[in-house]
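Below: one structure, written as C-alpha cells.
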Amino acid sequence: MGTLRWAAGRVGGALVVLWLVATAIFIGVRLIPGDPAEAIMGGPGSQASAEALAAARADYGLDEPLRVQYLMFLGKLLRLDFGTSYALRDPVLGIMGQVLPQTIVLSLLALLLAWVLALVFAAASLRATRVGAVLGNAVEIIAAAVPHFWLGAVLIMVFSSTLGWLPAVDNGTGAGLVLPVLTLALPLAGFLTQLMRDSLSTALASPFSLAARARGDSRLQVFWRHGLRHAALPALGMTGWAFSSLLSGAVVVEAVFARPGLGRALLSAVLSRDIPMVTGIALFSAAIYMVVMALTEGIERALHPAGVDS
Amino acid sequence: MQRTIRTRRLVTGTVALPLAAALLAGCSASAPGEQAQDTAPVIGGTLVYASGDAEPTCLDPHVGGNYPQALVASQYLESLFTKDAAGQIVPWLAESTELSEDGLTRTITLRDGITFHDGSKLTSEAIKANIEHLQNPDTKSSTGYLAVGKVLQVEPVDELTAELQLSAPDNALLESLSMPWSAIQSPDALKRGQAVNCEAPVGTGPFKVESWQHQQAVNLVRYEDYVLPAQDAGRERDTAYLDGITWRFIPEAATRYAALQSGEVHVIDNAQPDTIASAEGAGLGHLDAPRPGASNRIELNSSKAPFDDAAVREAFIRSLDVNAGIDSLFFGTAPRSYSLLSSVEPLGIAQEQLFSPDAAKAAQLLDDAGWGERDAEGYRVKDGQRLSLDFPVSTNQSVPAEQSLFEQIQASAKEAGFEVRIQLLDLSSWYGALAEHKYNMVSAPYTKVGPSVLQVIFHSDSTTPAPSGYFANNAQVTDDELDDLLTRAGQTNDAAEREQLYAQAQRIVLEGHYVLPLYDQQNHFLYGKDVAGMGATTAVSSPIYYDVFLTN
C-alpha cells in the first residue's frame, strides 16, 4: 500500500511540477524583448512587411489574447502536441525524436566512463602512498571543478590540433565520440571518485569487512562483495543528479564539438527565440529529470524500504 | 568568365586597398589563381566546408534572407546578374537587358539552353514566378522582398524575354537582382510549397542539394548538366571539378580551426583575426572577401542629445585614435576605412582628413558647446547632465576583436570627457534597444550590392520604423537636400550623374560627422593546403566553389 501511495504521490507531484515549468516557460519567453513573429520571420531585425508579420502571427496563433494563447498552449501540451518549431517549421516532438538518441548515447557513454574511472581511481587510491593520495585527491577536485567548455577546448588543442590522434568533429567513425565523451565524463568522474573513496575506505575498515577477512575471504573478495556494494550506494543515489548534469553539460559539449543533439537544438532555439522548441526541450528535460529521480528513489526504496519511510 | 572575374577581382582588390597591398602580397589570397594555372585541375573529391554561422532554417534564400543562406545558396542557385572585377553589374543568367525611356519598363532576356536541376528549362516564366514568390507575404522574405519592391508586375513577352513594370525608376534593380536573396529557382520547385522547397531548393547552379541532415550537414553534389552562363569557360566541360560539398556547421571558432588544421575540413568561414594570422604562418590559404554595401561603422544618433549637436559629434570623432586599435586587434587583417561604402563599391568616396584625431580641437569644440565643466570622475557635464553615451553592442554581430576595439574607444573617449556606456546584448535585446531609441551610438552592418545602400541607411524615410520597430537609418539623419540627392541618384539613367549625386550625398553624411567608419564588413575564409582554385565570389562576396578542386 505504501508503495502505491508513494507512486501516486510521485506522479501527481510530477504533473504539478511540469505544469509549473510549462507556465514559467510560457511567461518567461514572453518577457524577452522582441516580437515572436520576428523570430518566425527569420530572426530579430528582419525587415518583414506588416502583411508577412501578420501572416506569421495568424499561423502560430500569436494574434490571440494572451490567456487564450496560454489555454491553447496547455491544451496542446495535454495532447502531447508541442507545436511547430518557428525556425525549422517541423513538429517539435519530431525534431526532439531525431536528436535525442545522439544526446542519450553521448550521456550514457559519459556516465559509464565516469563510473568506470571513478571505480578504478577509488580502488587505486586505497593502495596509494600518502603523497599519492594527496595528489590523487587534488586531481579529483580539479577534474570535478573544470568547466566543460574549457576542458573540451584543451582536449581539442592537445589531441586534435597538436597530436592529431583524434578528430575534433565527428567524421562518421566512432572516433569523433571519444573527445566529447571524455569532456563530459572527466568532471563527473572526479566528483564520483570523491564520493566513492570515502565510503569505500569506511566500508573496508568496518567490522563486517574485518569479519569477512577473518572468515578467510581474500582481500579482493572482500573488496568486490562488501566494499564496492557500500561504496556504490551513495554514488548510485547521485545518479539522477549526475544524469541531469550530463544533459546540461551536453549543451556545451555539443556546441564545442559541433555534434547534433538535444543540447545543441536547445542552444540554437534559444538564440533564435524559437519558443515552441525551447518549451519542448525544457519540459522534456524536466520530465526526464523527474523520471530518473523517481527511478533512483524507487531503487533505494527497494534496497532499504525501512530507511526511506522513516 | 568566372575565372577572369576572380583573377581581375584580386587585382582590383589590391589597387583599391593600398593599405592591404603589403598584406595581400604576403597572404595566399592571390596564390590560388596562380596555382589554378600551374596545377592541372583534379576532378573528383568531396570538399568539406565548415561554417561558423548558425544553420539556416531554410535553404531557400528567398525565405527570410540572411548571409549564411547566401553562402550556401551560392552553390546551387544563380542570379540574373553578377558583378565583374571592376564592380560593374554584368548579365549572368540574363543575356541582355534594356530600359525604356521613362525608366519604368525593364526588359530582361535570358540565356538560352540553361536548365534547372529538375530538368526544366530556364524561361521567362521563371523570372515572373520568382519575383512573385519574393513578393508573396507567405514566402516571408525580408531581404529579397526589398530588392524587388519597385516591381509592379512581370510580363513574359516570349520564351526568354520578360518585361518588368516598375512603380518608379530604379537604377539599383540590376544590383538587387545580382544578390543570392533574389536568385532564380525552378518555378515547378517553388510550387511544391515552402516546407519542401526549404529542404532542397532547385536552381541552375554548379551543385545541387542532395540532402539536408539537420544539425549535421547539407550535402551538395555536382550538377552534371551544368551550363556556365558565360561565353568562354576555358574548360572541356562546364561542370564543377568537385564531386560534391559537405556543408557543415561548427559554431565554435577554436573547434572549426582545429578541424581545418587536422584536415577534417577543407574550408572554414568566419575566420577571426588572430586565427588568420596563425593560419598564414602555418601555410594555410586565406581568402579576404569584404562584403559589399556599407562599411562597418559607428553611427551617431543625431536625433537626441548630445549628438543632436554636430559639434559634439565632431568632437567625439576627433577625440578618438582608432587606427592603432584596429591594427593591433585585427592583426592587420582589416584596413581602416574612411568611407560610408565598402571598398568593393566603386562609387564610394573616402575623406580621411575628416577623421584625423585632434584632441585639442575636440576639447575646444566641447568647451564651446557648453560642455566645459568636468565632474569628480573627469566626465564633462552641462546643466548637471553628464556627457554620457549609450552604446548597445550586439554580441552576435560584433566579433570579439570588434568588442575589444569598442572598449578601447570607450577608454580614449573617457580622456576627452565622454562616458561611453557599452552594453553587450544578444541580438533580440539589441534590436529592442534600437527600436526604443535607447542608444547614442551603434554599429550595425548592412550588406547590399551597390551604392543604393546609402538610400537605405541615410534617407529620412528610413527613420520611420518598419512594423517590427526596425529602422535602418540609425544615425537618424534627416536632411531634405540629402533626401533629394539620394532619390535622384536612385532614379537617374545616367551613370555619370548617378556617381556624382551619390558622391554629393556621401559628402553630406561624412561632413556632418554622423558616422565613424571603421573597416569593411569582414568576410574571411581559410582553406587547407590541398584546396586550389579559391577566389570566385558572387556579387555579395560569397565564394563559389565551381573552380575549386582538391589536389590530393
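Going by the C-alpha cells order, chains are called A, B, ..., each with residues numbered from 1, while ligands are numbered from 1 in the order shown.
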
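Every residue of chain B that lies within 7 Å of chain A is listed here, counting only C-alpha atoms: Thr57, Gly64, Pro137, Asp138, Lys140, Ser141, Ser142, Gln215, Gln216, Phe249, Ile250, Pro251, Glu252, Thr255, Ala258, Ala259, Gln261, Ser262, Leu427, Ser428, Ser429, Tyr431, Gly432, Ala466, Pro467 and Tyr470 of chain B.
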
Would you pick out the contacts of B:Asn301 at 7 Å or less, using only C-alpha atoms, so that residues sharing its chain but fewer than 5 positions from it are not included, and give the list as a PDB file with all heavy atoms, in the first residue's frame?
```
ATOM      1  N   PHE B 307      24.272  64.061 -29.273  1.00  0.00           N
ATOM      2  CA  PHE B 307      24.728  64.031 -30.667  1.00  0.00           C
ATOM      3  C   PHE B 307      23.793  64.776 -31.615  1.00  0.00           C
ATOM      4  O   PHE B 307      23.973  64.720 -32.831  1.00  0.00           O
ATOM      5  CB  PHE B 307      24.942  62.589 -31.129  1.00  0.00           C
ATOM      6  CG  PHE B 307      26.237  61.980 -30.657  1.00  0.00           C
ATOM      7  CD1 PHE B 307      26.359  60.613 -30.458  1.00  0.00           C
ATOM      8  CD2 PHE B 307      27.352  62.777 -30.437  1.00  0.00           C
ATOM      9  CE1 PHE B 307      27.550  60.046 -30.032  1.00  0.00           C
ATOM     10  CE2 PHE B 307      28.551  62.222 -30.005  1.00  0.00           C
ATOM     11  CZ  PHE B 307      28.651  60.856 -29.800  1.00  0.00           C
ATOM     12  N   ASN B 440      22.932  56.132 -28.197  1.00  0.00           N
ATOM     13  CA  ASN B 440      23.518  57.334 -28.754  1.00  0.00           C
ATOM     14  C   ASN B 440      24.482  56.989 -29.873  1.00  0.00           C
ATOM     15  O   ASN B 440      24.789  57.802 -30.718  1.00  0.00           O
ATOM     16  CB  ASN B 440      24.263  58.126 -27.679  1.00  0.00           C
ATOM     17  CG  ASN B 440      23.329  58.599 -26.590  1.00  0.00           C
ATOM     18  OD1 ASN B 440      23.331  58.043 -25.489  1.00  0.00           O
ATOM     19  ND2 ASN B 440      22.522  59.591 -26.880  1.00  0.00           N
ATOM     20  N   MET B 441      24.978  55.750 -29.831  1.00  0.00           N
ATOM     21  CA  MET B 441      25.869  55.294 -30.885  1.00  0.00           C
ATOM     22  C   MET B 441      25.663  53.794 -31.063  1.00  0.00           C
ATOM     23  O   MET B 441      25.285  53.090 -30.125  1.00  0.00           O
ATOM     24  CB  MET B 441      27.324  55.614 -30.555  1.00  0.00           C
ATOM     25  CG  MET B 441      27.743  55.218 -29.136  1.00  0.00           C
ATOM     26  SD  MET B 441      29.276  55.984 -28.603  1.00  0.00           S
ATOM     27  CE  MET B 441      30.484  55.044 -29.513  1.00  0.00           C
ATOM     28  N   ASN B 474      20.145  54.501 -38.572  1.00  0.00           N
ATOM     29  CA  ASN B 474      20.464  54.549 -37.146  1.00  0.00           C
ATOM     30  C   ASN B 474      21.061  55.881 -36.724  1.00  0.00           C
ATOM     31  O   ASN B 474      20.973  56.263 -35.565  1.00  0.00           O
ATOM     32  CB  ASN B 474      21.430  53.423 -36.781  1.00  0.00           C
ATOM     33  CG  ASN B 474      20.791  52.073 -36.929  1.00  0.00           C
ATOM     34  OD1 ASN B 474      19.692  51.854 -36.446  1.00  0.00           O
ATOM     35  ND2 ASN B 474      21.457  51.167 -37.628  1.00  0.00           N
ATOM     36  N   ALA B 475      21.696  56.588 -37.683  1.00  0.00           N
ATOM     37  CA  ALA B 475      22.243  57.896 -37.350  1.00  0.00           C
ATOM     38  C   ALA B 475      21.129  58.930 -37.292  1.00  0.00           C
ATOM     39  O   ALA B 475      21.351  60.057 -36.861  1.00  0.00           O
ATOM     40  CB  ALA B 475      23.299  58.297 -38.375  1.00  0.00           C
ATOM     41  N   GLN B 476      19.938  58.533 -37.729  1.00  0.00           N
ATOM     42  CA  GLN B 476      18.769  59.423 -37.704  1.00  0.00           C
ATOM     43  C   GLN B 476      19.044  60.707 -38.477  1.00  0.00           C
ATOM     44  O   GLN B 476      18.698  61.806 -38.039  1.00  0.00           O
ATOM     45  CB  GLN B 476      18.356  59.745 -36.256  1.00  0.00           C
ATOM     46  CG  GLN B 476      17.913  58.513 -35.481  1.00  0.00           C
ATOM     47  CD  GLN B 476      16.500  58.091 -35.860  1.00  0.00           C
ATOM     48  OE1 GLN B 476      15.551  58.842 -35.756  1.00  0.00           O
ATOM     49  NE2 GLN B 476      16.360  56.847 -36.338  1.00  0.00           N
TER      50      GLN B 476
END
```

Which residues come within 12 Å of A:Thr239, counting only C-alpha atoms, excluding same-chain residues fewer than 3 positions away, as a ChimeraX atom specification? /A:107-108,111-112,114-115,188-189,191-192,195,232-236,242-246,289,291-297,299-300

Restrict the selected residues to C-alpha atoms and save them as a CSV table (one decimal), in the first residue's frame.
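Okay, again09.csv is ready:
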```
chain,number,residue,atom,x,y,z
A,107,SER,CA,25.3,11.0,-22.0
A,108,LEU,CA,25.2,7.2,-21.3
A,111,LEU,CA,28.0,8.2,-17.4
A,112,LEU,CA,29.5,4.7,-17.9
A,114,ALA,CA,32.7,8.2,-15.4
A,115,TRP,CA,31.7,5.2,-13.3
A,188,LEU,CA,31.7,13.7,-13.3
A,189,ALA,CA,34.4,11.0,-12.6
A,191,PHE,CA,33.1,14.0,-8.4
A,192,LEU,CA,32.1,10.3,-8.1
A,195,LEU,CA,32.1,10.3,-3.2
A,232,ALA,CA,28.4,2.4,-4.8
A,233,LEU,CA,25.3,3.2,-2.8
A,234,PRO,CA,25.9,7.0,-2.3
A,235,ALA,CA,27.2,7.3,-5.8
A,236,LEU,CA,24.1,5.4,-7.1
A,242,ALA,CA,24.6,13.1,-12.5
A,243,PHE,CA,22.4,12.3,-15.4
A,244,SER,CA,20.8,15.8,-15.4
A,245,SER,CA,24.2,17.4,-15.1
A,246,LEU,CA,25.2,15.4,-18.1
A,289,TYR,CA,14.9,14.5,-14.5
A,291,VAL,CA,11.7,10.1,-14.1
A,292,VAL,CA,15.3,9.4,-13.3
A,293,MET,CA,14.9,10.8,-9.7
A,294,ALA,CA,11.8,8.6,-9.2
A,295,LEU,CA,13.6,5.6,-10.5
A,296,THR,CA,16.6,6.1,-8.3
A,297,GLU,CA,14.4,6.8,-5.3
A,299,ILE,CA,15.6,1.6,-6.3
A,300,GLU,CA,16.7,2.9,-3.0
```

Smallest atom-to-atom distance to A:Thr84: which of A:Met290, A:Met96, A:Val134, A:Leu184, using only C-alpha atoms?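 Of all the options, A:Met96 lies closest to A:Thr84.
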
Can you pull out the residues contacting stretch 79-83 of chain B? Cut-off 8 Å, using only C-alpha atoms, and skip same-chain residues under 6 positions away; I want them as a ChimeraX atom specification. /B:89-94,110,174-175,177-180,182-184,538-539

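The interatomic distance for the pair atom CA of B:Asp60 and atom CA of B:Leu77 works out to 9.0 Å.
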
For a quick check of understanding, using only C-alpha atoms, which of B:Leu287, B:Leu389, B:Ile298, B:Leu59 has the smallest distance to B:Ser211? B:Leu59
